[in-house]
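Undergrad: Structure supplied as final.pdb; contents: PDB, C-alpha atoms.
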ATOM      1  CA  MET A 239     136.626 117.584  75.872
ATOM      2  CA  GLY A 240     137.584 117.485  72.237
ATOM      3  CA  GLU A 241     140.601 115.366  73.132
ATOM      4  CA  TRP A 242     138.677 112.316  74.295
ATOM      5  CA  THR A 243     135.068 112.354  73.100
ATOM      6  CA  GLU A 244     135.917 110.976  69.673
ATOM      7  CA  ASP A 245     138.025 108.191  71.213
ATOM      8  CA  LEU A 246     135.119 107.195  73.463
ATOM      9  CA  ALA A 247     132.245 108.057  71.107
ATOM     10  CA  ASP A 248     130.631 104.636  71.532
ATOM     11  CA  ILE A 249     130.373 105.006  75.330
ATOM     12  CA  THR A 250     129.809 108.739  75.900
ATOM     13  CA  PRO A 251     127.044 111.151  74.849
ATOM     14  CA  ALA A 252     127.351 112.957  71.508
ATOM     15  CA  THR A 253     129.454 116.089  72.067
ATOM     16  CA  TRP A 254     130.307 119.130  69.942
ATOM     17  CA  ARG A 255     131.512 122.725  70.232
ATOM     18  CA  PHE A 256     128.845 125.404  70.400
ATOM     19  CA  GLY A 257     128.424 126.734  66.872
ATOM     20  CA  GLU A 258     128.940 123.353  65.195
ATOM     21  CA  GLU A 259     126.051 121.367  63.765
ATOM     22  CA  PRO A 260     124.102 119.614  66.566
ATOM     23  CA  ARG A 261     124.781 115.877  66.726
ATOM     24  CA  GLY A 262     121.526 114.741  68.217
ATOM     25  CA  PRO A 263     118.171 115.740  69.605
ATOM     26  CA  GLY A 264     117.704 117.514  72.932
ATOM     27  CA  PRO A 265     117.816 117.849  75.758
ATOM     28  CA  PHE A 266     121.400 119.023  76.176
ATOM     29  CA  VAL A 267     123.968 120.035  78.787
ATOM     30  CA  LEU A 268     126.550 122.771  78.282
ATOM     31  CA  LYS A 269     129.907 123.317  79.934
ATOM     32  CA  GLY A 270     133.136 125.185  79.431
ATOM     33  CA  ALA A 271     136.383 123.574  78.378
ATOM     34  CA  TRP A 272     137.492 123.084  82.011
ATOM     35  CA  LYS A 273     134.546 123.943  84.236
ATOM     36  CA  SER A 274     130.801 123.591  84.370
ATOM     37  CA  ARG A 275     128.091 125.454  86.238
ATOM     38  CA  LYS A 276     126.427 122.473  87.936
ATOM     39  CA  ASP A 277     125.647 124.842  90.794
ATOM     40  CA  LYS A 278     123.310 126.670  88.385
ATOM     41  CA  TRP A 279     122.041 123.564  86.586
ATOM     42  CA  ASP A 280     118.640 124.977  85.679
ATOM     43  CA  GLU A 281     120.068 128.310  84.435
ATOM     44  CA  LEU A 282     123.548 127.669  83.012
ATOM     45  CA  MET A 283     123.904 123.983  82.241
ATOM     46  CA  TYR A 284     120.672 122.195  81.265
ATOM     47  CA  ALA A 285     119.086 123.115  77.911
ATOM     48  CA  PRO A 286     115.831 121.352  76.947
ATOM     49  CA  THR A 287     115.901 122.655  73.331
ATOM     50  CA  LEU A 288     118.294 124.013  70.707
ATOM     51  CA  SER A 289     117.074 127.571  71.303
ATOM     52  CA  ASP A 290     117.930 127.095  75.000
ATOM     53  CA  VAL A 291     121.424 125.982  73.937
ATOM     54  CA  THR A 292     122.019 129.325  72.213
ATOM     55  CA  ARG A 293     120.660 131.337  75.145
ATOM     56  CA  ILE A 294     122.748 129.441  77.721
ATOM     57  CA  ALA A 295     125.908 129.425  75.593
ATOM     58  CA  CYS A 296     125.737 133.205  75.244
ATOM     59  CA  ARG A 297     125.470 133.555  79.025
ATOM     60  CA  LEU A 298     128.352 131.126  79.596
ATOM     61  CA  MET A 299     130.626 133.081  77.256
ATOM     62  CA  SER A 300     130.547 136.008  79.678
ATOM     63  CA  ASP A 301     130.789 133.861  82.822
ATOM     64  CA  THR A 302     134.179 134.387  84.489
ATOM     65  CA  LEU A 303     134.200 130.825  85.928
ATOM     66  CA  ILE A 304     133.938 129.371  82.432
ATOM     67  CA  GLY A 305     136.422 131.764  80.869
ATOM     68  CA  GLU A 306     137.001 132.349  77.216
ATOM     69  CA  GLY A 307     137.471 128.716  76.170
ATOM     70  CA  ASN A 308     135.131 126.670  74.043
ATOM     71  CA  ILE A 309     131.585 126.003  75.132
ATOM     72  CA  TRP A 310     130.757 122.324  74.738
ATOM     73  CA  VAL A 311     127.296 120.947  74.087
ATOM     74  CA  ARG A 312     126.417 117.377  74.964
ATOM     75  CA  GLN A 313     123.339 115.341  74.342
ATOM     76  CA  TYR A 314     121.693 114.679  77.698
ATOM     77  CA  GLY A 315     120.387 111.212  78.314
ATOM     78  CA  PRO A 316     118.829 110.703  81.710
ATOM     79  CA  LEU A 317     121.042 109.020  84.264
ATOM     80  CA  GLU A 318     119.911 106.866  87.160
ATOM     81  CA  ARG A 319     118.811 109.601  89.553
ATOM     82  CA  LEU A 320     119.407 109.165  93.271
ATOM     83  CA  GLY A 321     118.165 112.609  94.340
ATOM     84  CA  THR A 322     118.004 116.266  93.392
ATOM     85  CA  GLY A 323     120.481 118.911  94.446
ATOM     86  CA  LEU A 324     120.522 122.696  94.502
ATOM     87  CA  ASN A 325     118.884 124.374  91.495
ATOM     88  CA  GLY A 326     117.562 121.056  90.218
ATOM     89  CA  VAL A 327     120.916 119.361  89.563
ATOM     90  CA  PRO A 328     120.275 115.632  89.227
ATOM     91  CA  LEU A 329     122.325 113.639  91.721
ATOM     92  CA  SER A 330     123.028 110.516  89.711
ATOM     93  CA  ASN A 331     124.674 107.146  90.218
ATOM     94  CA  GLU A 332     127.984 108.646  89.098
ATOM     95  CA  TRP A 333     131.503 107.712  90.131
ATOM     96  CA  ARG A 334     134.956 109.291  89.798
ATOM     97  CA  ILE A 335     137.689 106.793  89.024
ATOM     98  CA  PHE A 336     141.327 107.798  89.042
ATOM     99  CA  VAL A 337     143.301 105.933  86.402
ATOM    100  CA  MET A 338     147.091 105.603  86.325
ATOM    101  CA  ASP A 339     148.888 103.885  83.466
ATOM    102  CA  GLY A 340     145.623 102.389  82.219
ATOM    103  CA  ARG A 341     144.573 100.902  85.596
ATOM    104  CA  PRO A 342     141.989 102.101  88.106
ATOM    105  CA  ILE A 343     143.708 103.065  91.365
ATOM    106  CA  ALA A 344     140.940 104.729  93.417
ATOM    107  CA  SER A 345     137.249 105.502  93.055
ATOM    108  CA  GLY A 346     134.484 107.265  94.897
ATOM    109  CA  PHE A 347     130.867 108.339  94.609
ATOM    110  CA  TYR A 348     130.934 111.597  92.626
ATOM    111  CA  TRP A 349     128.155 113.301  94.624
ATOM    112  CA  GLU A 350     129.439 112.273  98.092
ATOM    113  CA  ALA A 351     129.264 115.865  99.347
ATOM    114  CA  HIS A 352     125.507 115.798  98.642
ATOM    115  CA  ARG A 353     124.750 112.486 100.355
ATOM    116  CA  ASP A 354     122.184 114.146 102.639
ATOM    117  CA  GLN A 355     120.083 114.959  99.549
ATOM    118  CA  LEU A 356     119.970 111.390  98.231
ATOM    119  CA  GLU A 357     116.752 109.402  98.085
ATOM    120  CA  ALA A 358     118.532 106.161  97.105
ATOM    121  CA  GLU A 359     121.968 104.697  97.775
ATOM    122  CA  PRO A 360     124.687 104.866  95.113
ATOM    123  CA  ASP A 361     125.821 101.499  93.778
ATOM    124  CA  ILE A 362     128.719 100.708  91.480
ATOM    125  CA  SER A 363     128.406  96.927  91.771
ATOM    126  CA  SER A 364     126.395  96.590  88.543
ATOM    127  CA  MET A 365     129.223  98.069  86.464
ATOM    128  CA  PRO A 366     130.638  95.283  84.310
ATOM    129  CA  ALA A 367     134.334  94.720  84.966
ATOM    130  CA  SER A 368     134.865  94.603  81.196
ATOM    131  CA  PHE A 369     133.492  98.160  80.886
ATOM    132  CA  LEU A 370     135.863  99.506  83.538
ATOM    133  CA  VAL A 371     138.877  97.636  82.148
ATOM    134  CA  GLY A 372     138.094  98.801  78.622
ATOM    135  CA  VAL A 373     137.645 102.449  79.617
ATOM    136  CA  CYS A 374     140.851 102.473  81.679
ATOM    137  CA  LYS A 375     142.822 100.866  78.863
ATOM    138  CA  ARG A 376     141.548 103.334  76.265
ATOM    139  CA  VAL A 377     142.135 106.352  78.501
ATOM    140  CA  GLY A 378     145.573 105.041  79.541
ATOM    141  CA  GLU A 379     146.665 104.962  75.898
ATOM    142  CA  ARG A 380     146.272 108.756  75.726
ATOM    143  CA  ILE A 381     147.057 110.087  79.225
ATOM    144  CA  ARG A 382     149.080 108.627  82.076
ATOM    145  CA  PHE A 383     147.019 109.998  85.001
ATOM    146  CA  ALA A 384     143.329 110.805  84.575
ATOM    147  CA  ALA A 385     140.068 111.171  86.441
ATOM    148  CA  VAL A 386     137.261 109.381  84.623
ATOM    149  CA  ASP A 387     133.657 110.035  85.603
ATOM    150  CA  VAL A 388     131.255 107.215  84.772
ATOM    151  CA  ALA A 389     127.522 106.938  85.414
ATOM    152  CA  ARG A 390     124.657 104.525  85.009
ATOM    153  CA  THR A 391     121.835 105.521  82.661
ATOM    154  CA  VAL A 392     118.161 104.957  83.447
ATOM    155  CA  SER A 393     118.297 101.996  81.060
ATOM    156  CA  GLY A 394     121.101 100.400  83.131
ATOM    157  CA  GLU A 395     124.022 101.082  80.773
ATOM    158  CA  TRP A 396     127.286 102.509  82.086
ATOM    159  CA  ILE A 397     128.721 105.464  80.150
ATOM    160  CA  VAL A 398     131.647 107.861  80.418
ATOM    161  CA  ILE A 399     130.548 111.322  81.516
ATOM    162  CA  GLU A 400     133.930 113.009  81.421
ATOM    163  CA  VAL A 401     137.697 112.511  81.365
ATOM    164  CA  ASN A 402     140.018 115.031  83.007
ATOM    165  CA  ASP A 403     143.690 115.363  83.788
ATOM    166  CA  GLY A 404     144.156 113.672  87.156
ATOM    167  CA  GLN A 405     146.309 116.568  88.356
ATOM    168  CA  GLN A 406     143.479 119.066  87.894
ATOM    169  CA  SER A 407     140.596 117.020  89.256
ATOM    170  CA  GLY A 408     138.944 117.198  92.635
ATOM    171  CA  LEU A 409     138.531 114.088  94.747
ATOM    172  CA  ASN A 410     134.699 113.989  94.493
ATOM    173  CA  GLY A 411     134.244 111.210  97.017
ATOM    174  CA  VAL A 412     137.564 109.462  96.400
ATOM    175  CA  ASP A 413     139.441 108.707  99.629
ATOM    176  CA  ALA A 414     142.588 110.876  99.560
ATOM    177  CA  ASP A 415     144.706 108.401 101.552
ATOM    178  CA  ARG A 416     143.813 105.577  99.181
ATOM    179  CA  LEU A 417     144.536 107.671  96.074
ATOM    180  CA  TYR A 418     147.852 109.081  97.284
ATOM    181  CA  SER A 419     148.991 105.728  98.691
ATOM    182  CA  ALA A 420     148.337 104.136  95.294
ATOM    183  CA  LEU A 421     150.218 106.924  93.534
ATOM    184  CA  GLY A 422     153.109 106.507  95.964
ATOM    185  CA  ARG A 423     153.324 102.768  95.240
ATOM    186  CA  ILE A 424     153.312 103.393  91.503
TER     187      ILE A 424
END
Translate this file's structure into C-alpha coordinates.

TA:
Amino acid sequence: MGEWTEDLADITPATWRFGEEPRGPGPFVLKGAWKSRKDKWDELMYAPTLSDVTRIACRLMSDTLIGEGNIWVRQYGPLERLGTGLNGVPLSNEWRIFVMDGRPIASGFYWEAHRDQLEAEPDISSMPASFLVGVCKRVGERIRFAAVDVARTVSGEWIVIEVNDGQQSGLNGVDADRLYSALGRI
(Lines of atoms letter the chains of each structure in order from A and count residues from 1; the text may use other names and numbers.)
(Lines give C-alpha, C1' and ligand atoms only; values in the text may rest on other atoms or scores of the structure.)
Protein backbone atom coordinates (compact mmCIF):
# COMPACT_ATOMS: atom_id res chain seq x y z
CA MET A 1 0.00 0.00 0.00
CA GLY A 2 2.83 2.37 0.73
CA GLU A 3 3.97 2.05 -2.88
CA TRP A 4 0.94 3.71 -4.45
CA THR A 5 -1.07 5.71 -1.92
CA GLU A 6 1.19 8.75 -2.15
CA ASP A 7 1.06 8.67 -5.96
CA LEU A 8 -2.74 8.60 -5.87
CA ALA A 9 -3.28 10.70 -2.72
CA ASP A 10 -5.74 13.02 -4.47
CA ILE A 11 -8.06 10.14 -5.46
CA THR A 12 -7.74 7.62 -2.61
CA PRO A 13 -8.51 7.79 1.12
CA ALA A 14 -5.79 8.98 3.51
CA THR A 15 -3.62 5.97 4.40
CA TRP A 16 -0.84 5.36 6.93
CA ARG A 17 0.94 2.55 8.77
CA PHE A 18 -0.39 1.65 12.20
CA GLY A 19 1.75 3.50 14.72
CA GLU A 20 2.14 6.62 12.57
CA GLU A 21 0.22 9.81 13.29
CA PRO A 22 -3.40 9.50 12.07
CA ARG A 23 -4.07 11.46 8.89
CA GLY A 24 -7.73 12.14 9.36
CA PRO A 25 -10.79 11.61 11.49
CA GLY A 26 -12.59 8.27 11.83
CA PRO A 27 -14.06 6.00 10.96
CA PHE A 28 -11.26 3.82 9.62
CA VAL A 29 -10.56 0.49 7.94
CA LEU A 30 -7.52 -1.67 8.66
CA LYS A 31 -5.80 -4.27 6.53
CA GLY A 32 -2.52 -6.10 6.25
CA ALA A 33 0.08 -5.41 3.60
CA TRP A 34 -1.35 -8.08 1.27
CA LYS A 35 -4.64 -9.26 2.75
CA SER A 36 -7.65 -7.92 4.58
CA ARG A 37 -10.25 -9.54 6.80
CA LYS A 38 -13.37 -8.39 4.93
CA ASP A 39 -14.95 -11.65 6.06
CA LYS A 40 -14.77 -10.28 9.62
CA TRP A 41 -15.57 -6.67 8.73
CA ASP A 42 -17.20 -5.79 12.04
CA GLU A 43 -14.42 -7.40 14.14
CA LEU A 44 -11.14 -7.11 12.21
CA MET A 45 -11.49 -4.40 9.59
CA TYR A 46 -13.88 -1.56 10.48
CA ALA A 47 -12.84 0.80 13.30
CA PRO A 48 -15.24 3.63 14.22
CA THR A 49 -12.69 5.41 16.48
CA LEU A 50 -8.94 5.69 17.08
CA SER A 51 -9.18 3.47 20.16
CA ASP A 52 -10.85 0.83 17.96
CA VAL A 53 -7.91 1.15 15.54
CA THR A 54 -5.47 0.14 18.29
CA ARG A 55 -7.64 -2.77 19.46
CA ILE A 56 -8.12 -4.13 15.92
CA ALA A 57 -4.49 -3.61 14.90
CA CYS A 58 -3.32 -5.63 17.90
CA ARG A 59 -5.64 -8.48 16.91
CA LEU A 60 -4.50 -8.33 13.27
CA MET A 61 -0.84 -8.58 14.27
CA SER A 62 -1.47 -12.10 15.57
CA ASP A 63 -3.76 -13.12 12.69
CA THR A 64 -2.03 -15.74 10.53
CA LEU A 65 -3.89 -14.59 7.37
CA ILE A 66 -2.46 -11.10 7.75
CA GLY A 67 1.03 -12.24 8.67
CA GLU A 68 3.78 -10.16 10.12
CA GLY A 69 3.70 -7.33 7.57
CA ASN A 70 2.59 -3.78 8.19
CA ILE A 71 -0.93 -3.01 9.32
CA TRP A 72 -2.39 -0.20 7.24
CA VAL A 73 -5.02 2.23 8.45
CA ARG A 74 -7.24 4.08 6.00
CA GLN A 75 -9.79 6.77 6.50
CA TYR A 76 -13.20 5.30 5.71
CA GLY A 77 -15.55 7.41 3.68
CA PRO A 78 -18.87 5.78 2.94
CA LEU A 79 -19.19 4.26 -0.50
CA GLU A 80 -22.37 3.87 -2.51
CA ARG A 81 -23.81 0.82 -0.76
CA LEU A 82 -25.67 -1.78 -2.80
CA GLY A 83 -26.24 -4.27 0.04
CA THR A 84 -24.74 -5.78 3.16
CA GLY A 85 -22.72 -8.96 3.30
CA LEU A 86 -21.62 -11.34 6.03
CA ASN A 87 -20.61 -9.68 9.31
CA GLY A 88 -21.82 -6.30 8.10
CA VAL A 89 -19.39 -5.87 5.19
CA PRO A 90 -20.76 -3.13 2.95
CA LEU A 91 -21.26 -4.36 -0.61
CA SER A 92 -20.45 -1.22 -2.56
CA ASN A 93 -20.49 -0.05 -6.15
CA GLU A 94 -16.89 -1.23 -6.53
CA TRP A 95 -15.11 -2.54 -9.60
CA ARG A 96 -11.85 -4.39 -10.29
CA ILE A 97 -10.06 -3.18 -13.39
CA PHE A 98 -7.03 -4.98 -14.73
CA VAL A 99 -4.53 -2.58 -16.25
CA MET A 100 -1.72 -3.54 -18.62
CA ASP A 101 0.82 -1.01 -19.85
CA GLY A 102 -1.35 1.86 -18.62
CA ARG A 103 -4.56 0.68 -20.37
CA PRO A 104 -7.64 -1.02 -18.94
CA ILE A 105 -7.97 -4.52 -20.42
CA ALA A 106 -10.78 -6.12 -18.38
CA SER A 107 -13.13 -5.14 -15.58
CA GLY A 108 -15.79 -6.66 -13.39
CA PHE A 109 -18.04 -5.94 -10.43
CA TYR A 110 -15.88 -6.54 -7.35
CA TRP A 111 -18.66 -8.12 -5.25
CA GLU A 112 -20.02 -10.40 -8.02
CA ALA A 113 -19.85 -13.46 -5.75
CA HIS A 114 -22.29 -11.69 -3.40
CA ARG A 115 -24.83 -10.65 -6.03
CA ASP A 116 -27.63 -12.48 -4.20
CA GLN A 117 -27.17 -10.08 -1.26
CA LEU A 118 -27.51 -6.90 -3.32
CA GLU A 119 -30.44 -4.53 -2.89
CA ALA A 120 -29.46 -2.41 -5.92
CA GLU A 121 -27.68 -3.10 -9.20
CA PRO A 122 -24.02 -2.17 -9.64
CA ASP A 123 -23.35 0.49 -12.27
CA ILE A 124 -20.04 1.70 -13.65
CA SER A 125 -21.55 3.91 -16.35
CA SER A 126 -21.27 7.09 -14.26
CA MET A 127 -17.49 6.76 -14.01
CA PRO A 128 -15.96 9.57 -16.07
CA ALA A 129 -13.72 8.25 -18.83
CA SER A 130 -11.14 10.86 -17.82
CA PHE A 131 -10.96 9.34 -14.32
CA LEU A 132 -10.33 5.84 -15.66
CA VAL A 133 -7.78 7.01 -18.24
CA GLY A 134 -5.97 9.09 -15.63
CA VAL A 135 -5.83 6.28 -13.07
CA CYS A 136 -4.61 3.74 -15.64
CA LYS A 137 -1.94 6.12 -16.90
CA ARG A 138 -0.65 6.88 -13.40
CA VAL A 139 -0.65 3.23 -12.35
CA GLY A 140 0.96 2.18 -15.66
CA GLU A 141 3.90 4.49 -14.99
CA ARG A 142 4.81 2.41 -11.92
CA ILE A 143 3.73 -1.18 -12.69
CA ARG A 144 3.16 -2.99 -15.97
CA PHE A 145 0.28 -5.27 -14.87
CA ALA A 146 -2.02 -4.26 -12.02
CA ALA A 147 -5.47 -4.78 -10.58
CA VAL A 148 -7.05 -1.46 -9.62
CA ASP A 149 -10.15 -1.40 -7.45
CA VAL A 150 -12.30 1.70 -7.84
CA ALA A 151 -15.58 2.62 -6.15
CA ARG A 152 -18.20 5.32 -6.14
CA THR A 153 -18.67 7.31 -2.93
CA VAL A 154 -22.07 8.28 -1.54
CA SER A 155 -21.42 11.77 -2.90
CA GLY A 156 -20.98 10.36 -6.44
CA GLU A 157 -17.19 10.69 -6.73
CA TRP A 158 -15.09 7.81 -8.03
CA ILE A 159 -12.01 6.92 -5.97
CA VAL A 160 -9.26 4.31 -5.98
CA ILE A 161 -9.73 1.75 -3.22
CA GLU A 162 -6.63 -0.31 -3.87
CA VAL A 163 -3.89 -1.18 -6.37
CA ASN A 164 -2.37 -4.66 -6.45
CA ASP A 165 0.04 -6.62 -8.59
CA GLY A 166 -2.08 -8.15 -11.34
CA GLN A 167 -0.32 -11.49 -10.89
CA GLN A 168 -1.46 -11.78 -7.27
CA SER A 169 -5.03 -10.57 -7.63
CA GLY A 170 -8.21 -12.58 -7.81
CA LEU A 171 -10.67 -12.05 -10.64
CA ASN A 172 -13.44 -10.57 -8.43
CA GLY A 173 -16.07 -10.53 -11.14
CA VAL A 174 -13.71 -10.08 -14.09
CA ASP A 175 -14.41 -12.55 -16.91
CA ALA A 176 -11.36 -14.85 -17.09
CA ASP A 177 -11.65 -15.45 -20.85
CA ARG A 178 -11.75 -11.72 -21.53
CA LEU A 179 -8.77 -11.00 -19.26
CA TYR A 180 -6.57 -13.81 -20.56
CA SER A 181 -7.51 -13.13 -24.19
CA ALA A 182 -6.47 -9.50 -23.73
CA LEU A 183 -3.21 -10.55 -22.11
CA GLY A 184 -2.57 -12.98 -24.96
CA ARG A 185 -3.07 -10.23 -27.56
CA ILE A 186 -0.70 -7.92 -25.71

Undergrad: Measuring atom to atom with only C-alpha atoms, identify which of A:Asn325, A:Val371, A:Glu350, A:Gly270 is nearest to A:Ser300.

TA: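 For A:Ser300, the nearest of the candidates is A:Gly270.
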
Undergrad: Find, counting all atoms listed in the file, the residue in A:Ser274, A:Thr391, A:Thr287, A:Gln405 that gets nearest to A:Asn331.

TA: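 Closest to A:Asn331 of all the choices is A:Thr391.
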
Undergrad: Using only C-alpha atoms, which residue out of A:Leu298, A:Met283, A:Ile249, A:Ala385 lies closest to A:Pro328?

TA: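 Using only C-alpha atoms, the shortest distance to A:Pro328 belongs to A:Met283.
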
Undergrad: To test your reading of the syntax: which residues would the PyMOL selection byres ((chain A and resi 339) around 8) return for the file shown? Reply as JSON, numbers by chain.

TA: {"A": [337, 338, 340, 341, 378, 379, 381, 382, 383]}

Undergrad: Given the choices A:Trp279, A:Tyr284, A:Trp272, A:Trp396, which gets closest to A:Glu332 if the distance is worked out from only C-alpha atoms?

TA: A:Trp396

Undergrad: For a cut-off of 10 Å around (122.8, 129.9, 79.4), file coordinates, pick out all residues using all atoms listed in the file and list them as a list in words.

TA: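 These residues have at least one counted atom within 10 Å: Val267, Leu268, Lys269, Arg275, Lys278, Trp279, Asp280, Glu281, Leu282, Met283, Tyr284, Ala285, Asp290, Val291, Thr292, Arg293, Ile294, Ala295, Cys296, Arg297, Leu298, Met299, Ser300 and Asp301 of chain A.
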